[in-house]
Amino acid sequence: MLANRARPVIATMPGFGSPALDEQRVFRALLSALARPGTRHPVPVAPAPLTPLGGATLAVCLTLLDHETPLWLDDPAPAVVEYLRFHTGVPVVDRPDRALFAVISDPGSAAGGPDCLAALPHGTPDRPELGATVVVQVGGFAADLPVRHLSGPGIADVIPLSVTGLPEGWLDALVATRRPPCGVDGFLVDATEVVGLPRTTQITGDVGAG
Amino acid sequence: MTDEIQSSADGRAAPGYSYGYLDAQTKRMVRRAVLKAVAIPGYQVAFASREMPLPYGWGTGALHITASLIGPDDVLKVIDQGADDTTNAVSIRRFFARTAGVRTTEATADATVIQTRHRVPERPLGPDQVLVYQVPIPEPLRWIEPREPECRRMHALEDYGALYVRLYEDIAHIGRIATSYNYPVMVNGRYVMSPSPIPKFDNPKLDRMPALQLFGAGRERRLYAVPPYTTVKSLDFEDHPFEVQHWETPCGLCGATDSFLDEVIVDDAGGRLYVCSDTDHCARRRAIRDGSATRAPWRDDTDGPEVA
């Protein structure tokens, strides 16, 4: 029966060309992003996109995920699941509360909307690091849009953040996961750049119309 | 196997090693722990410490972090008690030159990653630098509460009263706080953290430092972090504010009055000399004083890329 199961032949899609060095470079971008919340960091190397995930998102996955990191996907497309399993060995789980990582391909969808954040693990007061990490695909970080203001560790004073493709209430839901020191840490990823939003970053200010 | 091929293909790192010595899965595990440490400033994240080719106590925790960070574009500086030329510092620089093909330097300004044992460089660090501390005992509550689960609970509840009592006992006995190194700090107003056994002279440098600070304890299997521009406050009392060491004499070599000085015995008759513990800082000041250069060229990149 197992032998008859149809499996997509997508696993031959290449991952990183040079895993050790590529993972190191992507990790440094992620580390800088999380250490300096709100600033944009180019993802230095990325595989080809695989619908619904972009290349930069896949690069983050290949860098951080392995068999120790249960992953929840808002859209578990068979091609993506197969690809990530092949390259990282990551267990893909079907409930967000069992995941350490969540990758949201479309925060505007029902599955990837604000509600899923409440379901992710937030950690406990004596093990706050068990709070999940959420990687969310956004449209971009254009500067002419409604702006939020960020402050906290990693930020010298206050810096602006404007994001497209993130529905109203999504960032508020991320903030709502926080009961310091517990909470969910976020990476916002567009086609080429990543912005870190650790649980310590205060998000305030005017969201304008959006 | 893939890693081995890459590290030899890279050309500068010696063949036969995984890039940066650690295997890919270990680096990924350490990297995830580092990210959580950055997200929870001052909190000690457990990680699975691997056996390293040097003993516990020689910087294995920081070595894990450095190995997980470092890439071919980095320039590494390693100091031991401020000195670039001690056995431990030289060995660790050579280790990463060999396993990661990185350039090394003794110049604080030129380094992208600085691994340190028990000092913070005198020269202020910039936002593009990462400081990695070697930590023997990461738990600031260890000598007050030996039980690990209890320490964890005290951190969870922000129950740091016992630590203040310990500092107060010093004041009651001898009129001042006697702790002069490994002086506990409060990070981001939440977690009390051991800054590693740096002299308390260095504590003010941790506060709102533009560089990312990472701390690794290999034997205790903990790592923690202070993100840039994060408040780090040394514990004290309103009527006994925190203060740092002062010296009567300037550095005997460069004349600095604002750096941390080591006492060196220079003869059999009790003669002594106070010199900067930060060797790069001292050499640079002397070079400028002597007018030979704005920097000391003989100290730069002395190790160079090394191929075994």
# chains A, B, ... in the order shown; residues from 1 in each chain; ligands from 1
>>> interface_residues(of="chain B", to="chain A", cutoff="6 Å", atoms="only C-alpha atoms", output="list in words")
Asp3, Lys36, Ala39, Arg152, Ala156, Pro227, Pro228, Tyr229 and Thr230 of chain B
>>> write_last_selection(atoms="all heavy atoms", output="compact mmCIF listing (two decimals), in the first residue's frame")
# COMPACT_ATOMS: atom_id res chain seq x y z
N ASP B 3 29.68 19.28 3.88
CA ASP B 3 30.40 20.38 4.50
C ASP B 3 31.89 20.28 4.24
O ASP B 3 32.56 21.25 3.99
CB ASP B 3 30.16 20.36 6.02
CG ASP B 3 28.75 20.76 6.33
OD1 ASP B 3 28.04 21.11 5.38
OD2 ASP B 3 28.37 20.73 7.50
N LYS B 36 16.74 32.70 20.15
CA LYS B 36 15.84 32.81 21.31
C LYS B 36 16.50 33.64 22.40
O LYS B 36 15.83 34.40 23.11
CB LYS B 36 15.46 31.42 21.83
CG LYS B 36 14.41 30.72 20.98
CD LYS B 36 13.12 31.53 20.88
CE LYS B 36 12.15 30.93 19.87
NZ LYS B 36 11.06 31.86 19.51
N ALA B 39 16.00 37.16 21.64
CA ALA B 39 14.61 37.56 21.81
C ALA B 39 14.24 37.71 23.29
O ALA B 39 13.25 38.38 23.61
CB ALA B 39 13.68 36.54 21.14
N ARG B 152 15.75 28.45 38.37
CA ARG B 152 14.89 28.72 37.21
C ARG B 152 13.58 29.38 37.67
O ARG B 152 13.09 30.33 37.05
CB ARG B 152 14.61 27.38 36.51
CG ARG B 152 13.81 27.47 35.25
CD ARG B 152 13.81 26.13 34.53
NE ARG B 152 15.05 25.88 33.82
CZ ARG B 152 15.36 26.42 32.63
NH1 ARG B 152 14.50 27.21 32.04
NH2 ARG B 152 16.50 26.16 32.06
N ALA B 156 11.99 33.04 36.86
CA ALA B 156 10.64 33.16 36.32
C ALA B 156 9.82 34.17 37.12
O ALA B 156 9.03 34.93 36.57
CB ALA B 156 9.95 31.80 36.31
N PRO B 227 21.00 42.18 23.38
CA PRO B 227 20.92 42.85 22.08
C PRO B 227 21.54 44.25 22.15
O PRO B 227 21.76 44.77 23.24
CB PRO B 227 19.41 42.92 21.81
CG PRO B 227 18.77 41.99 22.77
CD PRO B 227 19.68 41.92 23.95
N PRO B 228 21.80 44.84 20.99
CA PRO B 228 22.33 46.20 20.99
C PRO B 228 21.38 47.16 21.71
O PRO B 228 20.17 46.94 21.74
CB PRO B 228 22.42 46.56 19.50
CG PRO B 228 22.40 45.24 18.79
CD PRO B 228 21.62 44.32 19.63
N TYR B 229 21.93 48.23 22.24
CA TYR B 229 21.15 49.32 22.84
C TYR B 229 20.18 48.83 23.92
O TYR B 229 19.08 49.35 24.06
CB TYR B 229 20.37 50.09 21.76
CG TYR B 229 21.22 50.52 20.60
CD1 TYR B 229 21.04 49.95 19.34
CD2 TYR B 229 22.21 51.48 20.75
CE1 TYR B 229 21.84 50.33 18.27
CE2 TYR B 229 23.00 51.86 19.69
CZ TYR B 229 22.80 51.29 18.45
OH TYR B 229 23.59 51.65 17.40
N THR B 230 20.58 47.80 24.65
CA THR B 230 19.73 47.28 25.71
C THR B 230 20.29 47.75 27.05
O THR B 230 21.50 47.76 27.25
CB THR B 230 19.72 45.74 25.65
OG1 THR B 230 19.24 45.34 24.37
CG2 THR B 230 18.84 45.15 26.73
>>> residues_around(residues="range 192-206 of chain B", least_positions_apart="6", cutoff="7 Å", atoms="only C-alpha atoms", output="PyMOL selection string")
chain B and resi 42+118-120+135+138-140+180-186+232+234+244-245
>>> residues_around(residues="Thr279 in chain B", least_positions_apart="2", cutoff="10 Å", atoms="only C-alpha atoms", output="count of residues only")
18
>>> select_by_dssp(residues="range 1-177 of chain A", states="strand (DSSP E or B)", output="ChimeraX atom specification")
/A:41-42,50,53,71-73,92-93,101-104,122-124,127-131,133-137,140,148-151,159-161,164
>>> write_last_selection(atoms="N, CA, C and O atoms", output="short mmCIF file (atom, residue, chain, number, x, y, z; two decimals), in the first residue's frame")
data_model
loop_
_atom_site.label_atom_id
_atom_site.label_comp_id
_atom_site.auth_asym_id
_atom_site.auth_seq_id
_atom_site.Cartn_x
_atom_site.Cartn_y
_atom_site.Cartn_z
N HIS A 41 16.91 43.54 6.32
CA HIS A 41 18.16 42.83 6.04
C HIS A 41 17.97 41.95 4.82
O HIS A 41 17.09 41.08 4.82
N PRO A 42 18.78 42.16 3.78
CA PRO A 42 18.65 41.31 2.60
C PRO A 42 18.94 39.86 2.94
O PRO A 42 19.88 39.57 3.69
N LEU A 50 8.81 28.28 -4.44
CA LEU A 50 7.99 27.09 -4.62
C LEU A 50 6.62 27.45 -4.06
O LEU A 50 6.46 27.60 -2.86
N LEU A 53 5.44 29.46 -1.23
CA LEU A 53 6.52 30.12 -0.49
C LEU A 53 7.54 30.74 -1.44
O LEU A 53 7.93 30.12 -2.44
N LEU A 71 7.00 21.88 12.61
CA LEU A 71 6.64 23.04 11.79
C LEU A 71 5.17 23.00 11.46
O LEU A 71 4.62 21.96 11.10
N TRP A 72 4.52 24.16 11.56
CA TRP A 72 3.13 24.28 11.13
C TRP A 72 3.08 25.23 9.94
O TRP A 72 3.71 26.29 9.96
N LEU A 73 2.33 24.81 8.91
CA LEU A 73 2.18 25.64 7.71
C LEU A 73 0.73 26.04 7.58
O LEU A 73 -0.16 25.20 7.76
N VAL A 92 6.28 18.04 9.84
CA VAL A 92 5.21 19.02 9.62
C VAL A 92 4.00 18.56 10.41
O VAL A 92 3.54 17.43 10.26
N VAL A 93 3.51 19.44 11.30
CA VAL A 93 2.40 19.07 12.17
C VAL A 93 1.14 19.78 11.68
O VAL A 93 1.20 20.80 11.00
N PHE A 101 7.91 26.14 15.10
CA PHE A 101 8.01 27.12 14.03
C PHE A 101 6.70 27.13 13.26
O PHE A 101 6.08 26.07 13.07
N ALA A 102 6.30 28.32 12.81
CA ALA A 102 5.15 28.42 11.92
C ALA A 102 5.58 29.25 10.73
O ALA A 102 6.24 30.28 10.88
N VAL A 103 5.24 28.77 9.54
CA VAL A 103 5.51 29.55 8.35
C VAL A 103 4.18 29.89 7.71
O VAL A 103 3.40 29.01 7.34
N ILE A 104 3.90 31.19 7.65
CA ILE A 104 2.62 31.68 7.16
C ILE A 104 2.84 32.21 5.74
O ILE A 104 3.52 33.22 5.55
N HIS A 122 3.37 29.75 23.44
CA HIS A 122 3.92 31.04 23.85
C HIS A 122 5.04 30.89 24.86
O HIS A 122 5.58 31.87 25.33
N GLY A 123 5.39 29.66 25.22
CA GLY A 123 6.38 29.43 26.25
C GLY A 123 5.75 29.51 27.63
O GLY A 123 4.57 29.82 27.77
N THR A 124 6.54 29.19 28.64
CA THR A 124 6.06 29.29 30.02
C THR A 124 7.03 30.19 30.78
O THR A 124 8.15 30.40 30.32
N ARG A 127 10.25 28.50 31.08
CA ARG A 127 10.86 28.10 29.81
C ARG A 127 10.34 28.99 28.67
O ARG A 127 9.70 28.51 27.72
N PRO A 128 10.62 30.28 28.75
CA PRO A 128 10.05 31.20 27.75
C PRO A 128 10.56 30.94 26.34
O PRO A 128 9.92 31.34 25.37
N GLU A 129 11.71 30.26 26.22
CA GLU A 129 12.26 30.02 24.88
C GLU A 129 11.42 29.02 24.09
O GLU A 129 11.63 28.84 22.89
N LEU A 130 10.44 28.37 24.76
CA LEU A 130 9.57 27.46 24.02
C LEU A 130 8.46 28.20 23.28
O LEU A 130 7.65 27.58 22.59
N GLY A 131 8.40 29.50 23.41
CA GLY A 131 7.51 30.29 22.57
C GLY A 131 7.91 30.12 21.11
O GLY A 131 9.09 30.07 20.79
N THR A 133 8.41 30.51 16.95
CA THR A 133 8.91 31.52 16.02
C THR A 133 8.02 31.47 14.79
O THR A 133 7.82 30.40 14.22
N VAL A 134 7.49 32.62 14.39
CA VAL A 134 6.61 32.65 13.22
C VAL A 134 7.31 33.41 12.10
O VAL A 134 7.86 34.49 12.30
N VAL A 135 7.33 32.78 10.93
CA VAL A 135 7.90 33.40 9.74
C VAL A 135 6.73 33.72 8.82
O VAL A 135 6.01 32.80 8.42
N VAL A 136 6.52 34.99 8.53
CA VAL A 136 5.32 35.36 7.77
C VAL A 136 5.72 36.12 6.51
O VAL A 136 6.56 37.00 6.53
N GLN A 137 5.10 35.70 5.41
CA GLN A 137 5.37 36.37 4.13
C GLN A 137 4.52 37.64 4.04
O GLN A 137 3.30 37.58 4.24
N GLY A 140 5.77 43.68 1.26
CA GLY A 140 6.99 44.46 1.17
C GLY A 140 7.06 45.46 2.30
O GLY A 140 6.18 45.51 3.16
N ARG A 148 4.12 52.04 11.72
CA ARG A 148 4.14 51.74 13.15
C ARG A 148 5.49 52.17 13.68
O ARG A 148 6.46 52.26 12.93
N HIS A 149 5.54 52.40 14.98
CA HIS A 149 6.81 52.78 15.58
C HIS A 149 7.28 51.69 16.52
O HIS A 149 6.49 51.16 17.31
N LEU A 150 8.55 51.34 16.39
CA LEU A 150 9.10 50.26 17.18
C LEU A 150 10.12 50.80 18.17
O LEU A 150 10.89 51.70 17.85
N SER A 151 10.11 50.22 19.37
CA SER A 151 11.14 50.56 20.34
C SER A 151 11.40 49.32 21.18
O SER A 151 10.66 48.36 21.14
N ILE A 159 12.20 53.46 15.79
CA ILE A 159 12.29 53.44 14.34
C ILE A 159 10.94 53.08 13.74
O ILE A 159 10.12 52.41 14.37
N PRO A 160 10.69 53.58 12.52
CA PRO A 160 9.41 53.32 11.87
C PRO A 160 9.43 51.97 11.16
O PRO A 160 10.47 51.47 10.76
N LEU A 161 8.26 51.38 11.04
CA LEU A 161 8.11 50.15 10.25
C LEU A 161 6.83 50.28 9.44
O LEU A 161 5.76 50.59 9.98
N THR A 164 3.48 46.12 3.85
CA THR A 164 2.30 45.85 3.03
C THR A 164 2.00 44.36 3.07
O THR A 164 2.87 43.54 3.35
#
>>> closest_residue(among="A:Gly89, A:Pro70, A:Pro107, A:Pro76", to="Pro121 in chain A", atoms="only C-alpha atoms")
A:Pro70
>>> atom_distance(atom1="CA of Val102 in chain B", atom2="CA of Asp278 in chain B")
22.6 Å
>>> select_by_dssp(residues="range 120-199 of chain A", states="alpha helix (DSSP H)", output="list in words")
Trp170, Leu171, Asp172, Ala173, Leu174, Val175 and Ala176 of chain A
>>> write_last_selection(atoms="C-alpha atoms", output="CSV table (one decimal), in the first residue's frame")
chain,number,residue,atom,x,y,z
A,170,TRP,CA,-2.1,40.7,12.5
A,171,LEU,CA,0.6,42.6,14.3
A,172,ASP,CA,-1.8,43.3,17.2
A,173,ALA,CA,-2.4,39.5,17.4
A,174,LEU,CA,1.4,39.0,17.5
A,175,VAL,CA,1.6,41.5,20.4
A,176,ALA,CA,-1.3,39.8,22.1
